[in-house]
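*Asks:* Following this message is one structure expressed as structure tokens.
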Amino acid sequence: MKVLVPVKRVLDYNVKARVKPDGSGVDLSNVKMSMNPFGEIAVEEAVRLKEKGIASEIVVVSIGPQQAQETIRTALAMGADRGILIQTDEQVEPLSVAKLLKAVVDEEQPQLAILGKQAIDDDANQTGQMLAALLDWPQGTFASKLEIADGKAKVTREIDGGLQTLLLELPAVITTDLRLNEPRYASLPNIMKAKRKPISMKTPDDYGVAIETHLEQIRVFEPPKRKAGVIVESVAELVDNLKKAGVI
Amino acid sequence: MAILVIAEHDNTQLSDATGKTVTAAAKIGGDVDILVAGHEAGDVAAQAAKIAGVRTVLHADGEVLAKQLAEAMQALIVPLAKDYDAILAPATTNGKNYLPRVAAKLDVMQISEIVEVKAPDTFVRPIYAGNAMQEVRSKDPIKVITVRPTAFDAASNGGAAPVESIDAPQGPFKAKFVGEELTKSDRPELTTARIVISGGRGMGSAENFAMLDRIADKLGAAVGASRAAVDAGFVPNDYQVGQTGKIVAPELYIAVGISGAIQHLAGMKDSKIIVAINKDEDAPIFQVADYGLVEDLFKALPELEAAL
Ligand SMILES: Cc1cc2nc3c(=O)[nH]c(=O)nc-3n(C[C@H](O)[C@H](O)[C@H](O)COP(=O)(O)OP(=O)(O)OC[C@H]3O[C@@H](n4cnc5c(N)ncnc54)[C@H](O)[C@@H]3O)c2cc1C
Ligand SMILES: Nc1ncnc2c1ncn2[C@@H]1O[C@H](COP(=O)(O)O)[C@@H](O)[C@H]1O
């Protein structure tokens with residue numbers, strides 16, 4: 001079974017986003033960029049499926065600038081087999097990403113697409129669901145456990161009230177939550193090996209998908225800042241203050 | 001303008017998130033209908049009908065809708081969309097699960113987790129874990145939107161909208177419900193509680209969370225957690241507050257043994273009063289705390305319990 005894993009190149013989760021003074025966006029010049037952490041979890045899950053003999057091939061795809069090749073290389077070093085970079089310097093909205101991914105699915109015919117539940121830059125949490133809808137596939141979003149057996153995927157999902165388990169017919173879309181697994185670090189030999197794994201370079205045109213902008217960004221601004229308050233010396237002083245503030 | 005708000009509920013009780021989404025809909029302006037999709041959820045439809053300012057409650061009842069699974073919700077909502085200029089759902093795990101499918105089928109972009117309505121087509125939403133706010137104008141003919149409930153007040157009651165039955169979609173669907181493990185608690189729900197007390201890695205163990213439980217019971221508070229505490233297995237996943245967990249904005253948030261990573265702050269920094277208890281005076285959580293107590297939590301918590 002072939003598995004498709006879309007990964008996005010984003011501002012590293014450890015770096016605090018800085019809003020550009022002109023309000024045009026977040027400053028991404030000279031900052032550390034990394035694979036979206038939920039994408040790492042998706043790659044790890046696919047690699048584990050391969051290690052169990054369930055997945056036969058893992059294809060990683062990223063839509064983004066030339067540098068997203070590095071993100072794909074990281075996934076290849078973790079154990080994915082080959083990559084596809086759909087290169088564009090434009091901001092691609094989740095709907096267009098989903099359309100491109102659908103085109104890749106049509107070509108590659110995977111049985112499973114594992115995406116991150118959310119990209120930590122746009123915080124949209126929608127691409128996987130959109131892809132599932134465009135393909136008319138079932139979806140198991142926010143997955144914390146995945147088992148494949150008898151042509152079906154059993155998925156445990158993190159929901160507001162606890163956990164929910166679904167059985168999905170394959171092919172299906174899975175989106176990863178934090179508890180699905182702990183991604184491995186690529187070993188040096190695997191990093192070296194990854195350099196020889198193939199990445200095919202494509203453009204949105206190759207898939208006949210026009211990148212449209214449905215949401216026009218008017219401005220990006222900083223949220224109101226909270227200021228630090230007071231340091232209290234004791235629990236008694238704390239309780240006193242909270243009583244005065246009328247909250248307890 | 002006509003707006004469809006999709007109700008969040010458990011087939012018995014309408015969630016507060018619905019009324020808050022109605023408030024967001026009212027800010028867009030126009031006739032507001034509520035869709036109750038569920039199984040034997042007549043009580044929920046009746047509760048929705050009482051929300052002030054609602055034109056009609058559409059009630060679809062069927063076993064396929066019992067868990068509001070994504071495919072059935074898509075099949076139900078997409079055909080209704082032609083009558084509406086906007087479709088709104090609360091940004092709960094349910095809303096986030098099914099609404100993007102609706103958007104994709106309508107060939108529109110979902111506007112995720114709005115916190116402000118600037119104009120009927122212009123919205124503000126957090127990006128980068130709330131470190132930046134993005135104002136966007138939607139060019140789509142139908143606006144498909146999830147709403148962050150903590151950013152809007154609940155709509156008032158006092159309405160008496162008619163309830164109209166509509167058909168549930170026909171399956172079969174390719175996803176089957178197998179089971180669920182819901183966290184049971186007599187405490188208030190995390191996202192709507194007036195007071196939240198959360199523990200982090202510093203709590204050390206699941207057993208130690210009982211210290212927070214006892215204080216929560218005294219305060220009528222809900223208990224939350226950081227990702228590290230959930231990952232360590234101290235508490236269930238649905239306790240997680242943050243960028244990728246639950247968003248809370250209570251009157252009082254007490255963070256105990258939590259360092260204050262940006263991903264955690266994203267979920268609680270709109271709380272009215274923040275208290276931090278941490279033994280490390282340099283913990284970033286103190287930069288957003290109204291009251292900070294630099295102390296070992298194993299000393300501070302028993303004292304706090306005794307003082308309440
Ligand atoms: C993609 C992604 C998404 C994430 N989403 C979330 C999210 O939604 N929510 C979230 O919370 N995190 C999230 N995180 C994780 C986040 O980055 C932090 O790792 C996490 O919040 C840290 O949890 P913590 O503060 O409990 O642990 P730590 O950072 O380890 O802090 C523990 C704190 O406890 C204090 N402490 C220890 N012992 C005591 C004691 N005896 N008395 C008093 N204080 C003590 C320490 O001084 C320290 O400050 C996410 C991370 C990623 C990569
Ligand atoms: N540009 C992209 N390239 C590859 N995958 C993407 C891209 N954008 C989003 N995705 C996938 O969709 C998931 C959810 O993203 P989002 O809907 O933007 O929050 C990510 O975790 C990725 O798996």
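Residue numbering restarts at 1 for every chain of the structure tokens, chains are lettered A, B, ... in their displayed order, and ligands are numbered from 1 as they appear.
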Find the residues near Ile3 of chain B: any atom within 9 Å, counting only C-alpha atoms, skip ones fewer than 4 places away on the same chain, and give them as number ranges by chain.
*Replies:* B: 25-26, 28-34, 83-88
*Asks:* Where does DSSP see strand (DSSP E or B) in segment 143-246 of chain A, if you list the residues as number ranges by chain?
*Replies:* A: 143-149, 152-159, 162-169, 172-176, 199-202, 215-221, 230-232
*Asks:* Please report as a VMD selection string which residues of chain B come no farther than 6 Å from chain A, using only C-alpha atoms.
*Replies:* chain B and resid 93 100 to 101 104 109 112 127 to 128 132 to 139 174 to 183 238 287 to 293
*Asks:* Take the selection from the previous step and output its residues with N, CA, C and O atoms, as a tab-separated table (two decimals), in the first residue's frame.
*Replies:*
chain	number	residue	atom	x	y	z
B	93	THR	N	-13.96	20.52	18.14
B	93	THR	CA	-13.40	19.44	17.32
B	93	THR	C	-14.44	18.95	16.30
B	93	THR	O	-14.08	18.49	15.23
B	100	PRO	N	-14.70	22.06	7.03
B	100	PRO	CA	-13.85	22.19	5.85
B	100	PRO	C	-14.31	21.32	4.68
B	100	PRO	O	-14.10	21.67	3.51
B	101	ARG	N	-14.97	20.21	4.97
B	101	ARG	CA	-15.49	19.37	3.88
B	101	ARG	C	-16.57	20.12	3.13
B	101	ARG	O	-16.67	20.05	1.91
B	104	ALA	N	-14.92	22.79	0.95
B	104	ALA	CA	-14.29	22.23	-0.25
B	104	ALA	C	-15.34	21.89	-1.30
B	104	ALA	O	-15.16	22.16	-2.49
B	109	MET	N	-13.07	28.92	0.45
B	109	MET	CA	-12.09	28.78	1.53
B	109	MET	C	-12.81	28.95	2.86
B	109	MET	O	-13.55	29.92	3.05
B	112	SER	N	-11.06	30.10	9.24
B	112	SER	CA	-10.98	29.30	10.46
B	112	SER	C	-10.88	30.17	11.70
B	112	SER	O	-10.09	31.10	11.77
B	127	ILE	N	-3.26	33.79	13.91
B	127	ILE	CA	-2.35	32.89	13.20
B	127	ILE	C	-1.09	32.74	14.07
B	127	ILE	O	-0.93	33.48	15.04
B	128	TYR	N	-0.21	31.82	13.72
B	128	TYR	CA	1.02	31.63	14.48
B	128	TYR	C	0.74	31.57	15.99
B	128	TYR	O	1.29	32.34	16.77
B	132	ALA	N	0.18	36.54	16.08
B	132	ALA	CA	-0.19	37.54	15.09
B	132	ALA	C	-1.68	37.38	14.80
B	132	ALA	O	-2.24	36.31	14.97
B	133	MET	N	-2.29	38.49	14.43
B	133	MET	CA	-3.71	38.48	14.07
B	133	MET	C	-3.79	38.82	12.59
B	133	MET	O	-3.08	39.71	12.11
B	134	GLN	N	-4.69	38.13	11.89
B	134	GLN	CA	-4.80	38.34	10.46
B	134	GLN	C	-6.22	38.84	10.16
B	134	GLN	O	-7.20	38.23	10.58
B	135	GLU	N	-6.27	39.97	9.43
B	135	GLU	CA	-7.59	40.45	8.98
B	135	GLU	C	-7.74	40.05	7.52
B	135	GLU	O	-6.89	40.38	6.69
B	136	VAL	N	-8.79	39.31	7.22
B	136	VAL	CA	-8.99	38.83	5.85
B	136	VAL	C	-10.37	39.19	5.32
B	136	VAL	O	-11.34	39.25	6.07
B	137	ARG	N	-10.41	39.43	4.01
B	137	ARG	CA	-11.69	39.65	3.34
B	137	ARG	C	-11.95	38.46	2.42
B	137	ARG	O	-11.11	38.10	1.60
B	138	SER	N	-13.12	37.87	2.61
B	138	SER	CA	-13.46	36.71	1.79
B	138	SER	C	-14.13	37.16	0.51
B	138	SER	O	-15.06	37.97	0.53
B	139	LYS	N	-13.64	36.63	-0.61
B	139	LYS	CA	-14.23	36.97	-1.90
B	139	LYS	C	-15.25	35.91	-2.34
B	139	LYS	O	-15.80	36.00	-3.42
B	174	LYS	N	-18.58	6.02	4.48
B	174	LYS	CA	-17.40	5.14	4.52
B	174	LYS	C	-16.69	5.14	5.87
B	174	LYS	O	-15.68	4.48	6.03
B	175	ALA	N	-17.22	5.93	6.81
B	175	ALA	CA	-16.65	5.92	8.16
B	175	ALA	C	-17.73	5.42	9.12
B	175	ALA	O	-18.86	5.89	9.07
B	176	LYS	N	-17.35	4.46	9.96
B	176	LYS	CA	-18.32	3.93	10.93
B	176	LYS	C	-17.85	4.26	12.34
B	176	LYS	O	-16.67	4.13	12.66
B	177	PHE	N	-18.82	4.63	13.15
B	177	PHE	CA	-18.53	4.90	14.56
B	177	PHE	C	-18.31	3.56	15.27
B	177	PHE	O	-19.14	2.66	15.16
B	178	VAL	N	-17.22	3.45	16.01
B	178	VAL	CA	-16.95	2.22	16.74
B	178	VAL	C	-17.21	2.40	18.24
B	178	VAL	O	-17.84	1.57	18.87
B	179	GLY	N	-16.74	3.49	18.78
B	179	GLY	CA	-16.95	3.71	20.21
B	179	GLY	C	-16.30	5.00	20.67
B	179	GLY	O	-15.64	5.67	19.88
B	180	GLU	N	-16.54	5.34	21.91
B	180	GLU	CA	-15.85	6.50	22.46
B	180	GLU	C	-15.59	6.32	23.93
B	180	GLU	O	-16.23	5.54	24.62
B	181	GLU	N	-14.58	7.04	24.37
B	181	GLU	CA	-14.20	7.03	25.78
B	181	GLU	C	-14.28	8.48	26.21
B	181	GLU	O	-13.39	9.28	25.89
B	182	LEU	N	-15.36	8.83	26.87
B	182	LEU	CA	-15.50	10.23	27.24
B	182	LEU	C	-15.02	10.43	28.67
B	182	LEU	O	-15.22	9.58	29.53
B	183	THR	N	-14.36	11.55	28.88
B	183	THR	CA	-13.87	11.87	30.21
B	183	THR	C	-15.05	12.29	31.06
B	183	THR	O	-15.78	13.20	30.69
B	238	ASP	N	-8.22	15.59	26.52
B	238	ASP	CA	-9.14	16.72	26.39
B	238	ASP	C	-8.94	17.77	27.48
B	238	ASP	O	-9.67	18.75	27.54
B	287	GLN	N	5.53	36.41	32.71
B	287	GLN	CA	5.40	37.62	31.88
B	287	GLN	C	3.96	37.94	31.51
B	287	GLN	O	3.67	39.04	31.04
B	288	VAL	N	3.08	36.98	31.67
B	288	VAL	CA	1.67	37.26	31.34
B	288	VAL	C	0.78	37.16	32.58
B	288	VAL	O	-0.43	37.35	32.49
B	289	ALA	N	1.38	36.84	33.73
B	289	ALA	CA	0.57	36.62	34.93
B	289	ALA	C	0.27	37.93	35.64
B	289	ALA	O	1.14	38.79	35.79
B	290	ASP	N	-0.96	38.09	36.08
B	290	ASP	CA	-1.32	39.25	36.89
B	290	ASP	C	-0.78	39.08	38.30
B	290	ASP	O	-0.36	40.04	38.93
B	291	TYR	N	-0.81	37.83	38.78
B	291	TYR	CA	-0.24	37.53	40.10
B	291	TYR	C	0.67	36.33	39.96
B	291	TYR	O	0.23	35.27	39.50
B	292	GLY	N	1.91	36.50	40.32
B	292	GLY	CA	2.86	35.39	40.25
B	292	GLY	C	3.29	35.00	41.64
B	292	GLY	O	3.49	35.86	42.50
B	293	LEU	N	3.41	33.70	41.87
B	293	LEU	CA	3.92	33.22	43.14
B	293	LEU	C	5.09	32.28	42.82
B	293	LEU	O	4.90	31.24	42.20
*Asks:* Run DSSP on the backbone and give me the residues of segment 7-210 of chain A it puts in helix (DSSP H, G or I), as a VMD selection string.
*Replies:* chain A and resid 37 to 51 68 to 78 94 to 108 127 to 135 178 to 180 188 to 194 204 to 207
*Asks:* Please produce a file of the residues just selected, as a JSON list (two decimals), in the first residue's frame, where the atoms kept are C-alpha atoms.
*Replies:*
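Writing done, so here's part.json:
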[["chain", "number", "residue", "atom", "x", "y", "z"],
["A", 37, "PRO", "CA", 5.55, 19.42, 13.67],
["A", 38, "PHE", "CA", 2.28, 17.67, 12.79],
["A", 39, "GLY", "CA", 3.90, 16.72, 9.47],
["A", 40, "GLU", "CA", 6.78, 15.10, 11.33],
["A", 41, "ILE", "CA", 4.23, 13.02, 13.20],
["A", 42, "ALA", "CA", 2.61, 12.10, 9.87],
["A", 43, "VAL", "CA", 5.95, 11.02, 8.38],
["A", 44, "GLU", "CA", 6.77, 9.01, 11.50],
["A", 45, "GLU", "CA", 3.43, 7.20, 11.33],
["A", 46, "ALA", "CA", 3.95, 6.34, 7.68],
["A", 47, "VAL", "CA", 7.46, 5.04, 8.40],
["A", 48, "ARG", "CA", 6.10, 2.87, 11.20],
["A", 49, "LEU", "CA", 3.50, 1.45, 8.79],
["A", 50, "LYS", "CA", 6.33, 0.62, 6.43],
["A", 51, "GLU", "CA", 8.35, -1.01, 9.20],
["A", 68, "ALA", "CA", 10.84, 23.26, 0.83],
["A", 69, "GLN", "CA", 13.16, 20.67, -0.72],
["A", 70, "GLU", "CA", 14.98, 20.68, 2.63],
["A", 71, "THR", "CA", 11.73, 19.79, 4.35],
["A", 72, "ILE", "CA", 11.25, 16.91, 1.94],
["A", 73, "ARG", "CA", 14.86, 15.79, 2.55],
["A", 74, "THR", "CA", 14.16, 15.70, 6.27],
["A", 75, "ALA", "CA", 11.22, 13.38, 5.63],
["A", 76, "LEU", "CA", 13.35, 11.22, 3.34],
["A", 77, "ALA", "CA", 15.98, 10.98, 6.08],
["A", 78, "MET", "CA", 13.27, 9.81, 8.48],
["A", 94, "PRO", "CA", -5.53, 25.28, 2.01],
["A", 95, "LEU", "CA", -8.22, 24.91, -0.69],
["A", 96, "SER", "CA", -5.62, 25.15, -3.46],
["A", 97, "VAL", "CA", -3.28, 22.87, -1.51],
["A", 98, "ALA", "CA", -6.10, 20.33, -1.29],
["A", 99, "LYS", "CA", -6.74, 20.60, -5.03],
["A", 100, "LEU", "CA", -3.06, 20.04, -5.80],
["A", 101, "LEU", "CA", -2.94, 17.11, -3.41],
["A", 102, "LYS", "CA", -6.01, 15.64, -5.08],
["A", 103, "ALA", "CA", -4.21, 15.82, -8.40],
["A", 104, "VAL", "CA", -1.22, 14.05, -6.85],
["A", 105, "VAL", "CA", -3.52, 11.37, -5.42],
["A", 106, "ASP", "CA", -5.13, 10.86, -8.83],
["A", 107, "GLU", "CA", -1.69, 10.26, -10.28],
["A", 108, "GLU", "CA", -0.13, 8.24, -7.45],
["A", 127, "THR", "CA", -6.48, 20.90, 4.32],
["A", 128, "GLY", "CA", -6.90, 17.21, 5.21],
["A", 129, "GLN", "CA", -10.66, 17.51, 5.53],
["A", 130, "MET", "CA", -10.83, 19.39, 2.22],
["A", 131, "LEU", "CA", -8.74, 16.75, 0.48],
["A", 132, "ALA", "CA", -11.01, 14.02, 1.85],
["A", 133, "ALA", "CA", -14.07, 15.87, 0.55],
["A", 134, "LEU", "CA", -12.58, 16.43, -2.91],
["A", 135, "LEU", "CA", -11.72, 12.73, -3.14],
["A", 178, "LEU", "CA", 0.19, 15.19, 19.04],
["A", 179, "ARG", "CA", -0.24, 11.86, 20.78],
["A", 180, "LEU", "CA", -0.07, 9.68, 17.66],
["A", 188, "LEU", "CA", 23.52, 10.43, 10.14],
["A", 189, "PRO", "CA", 23.66, 7.43, 7.76],
["A", 190, "ASN", "CA", 20.00, 7.96, 6.93],
["A", 191, "ILE", "CA", 20.61, 11.65, 6.28],
["A", 192, "MET", "CA", 23.35, 10.64, 3.86],
["A", 193, "LYS", "CA", 21.13, 8.04, 2.22],
["A", 194, "ALA", "CA", 18.34, 10.57, 1.85],
["A", 204, "PRO", "CA", 1.03, 23.85, -10.03],
["A", 205, "ASP", "CA", 0.66, 24.14, -13.83],
["A", 206, "ASP", "CA", 1.83, 20.55, -14.23],
["A", 207, "TYR", "CA", -1.29, 19.52, -12.35]]
*Asks:* Measuring atom to atom with only C-alpha atoms and all ligand atoms, identify which of A:Ile63, A:Met35, A:Leu85, A:Val5 is nearest to ligand 1.
*Replies:*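 Counting only C-alpha atoms and all ligand atoms, the residue closest to ligand 1 is A:Met35.
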*Asks:* Could you check which of A:Thr203, A:Ser29, A:Ser34, A:Thr175 is closest to ligand 2, using only C-alpha atoms and all ligand atoms?
*Replies:* A:Thr175
*Asks:* Between atom CA of Ile215 of chain B and atom CA of Ala255 of chain B, what distance in Å does the model show, to one decimal?
*Replies:*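 Distance reported for this atom pair: 12.6 Å.
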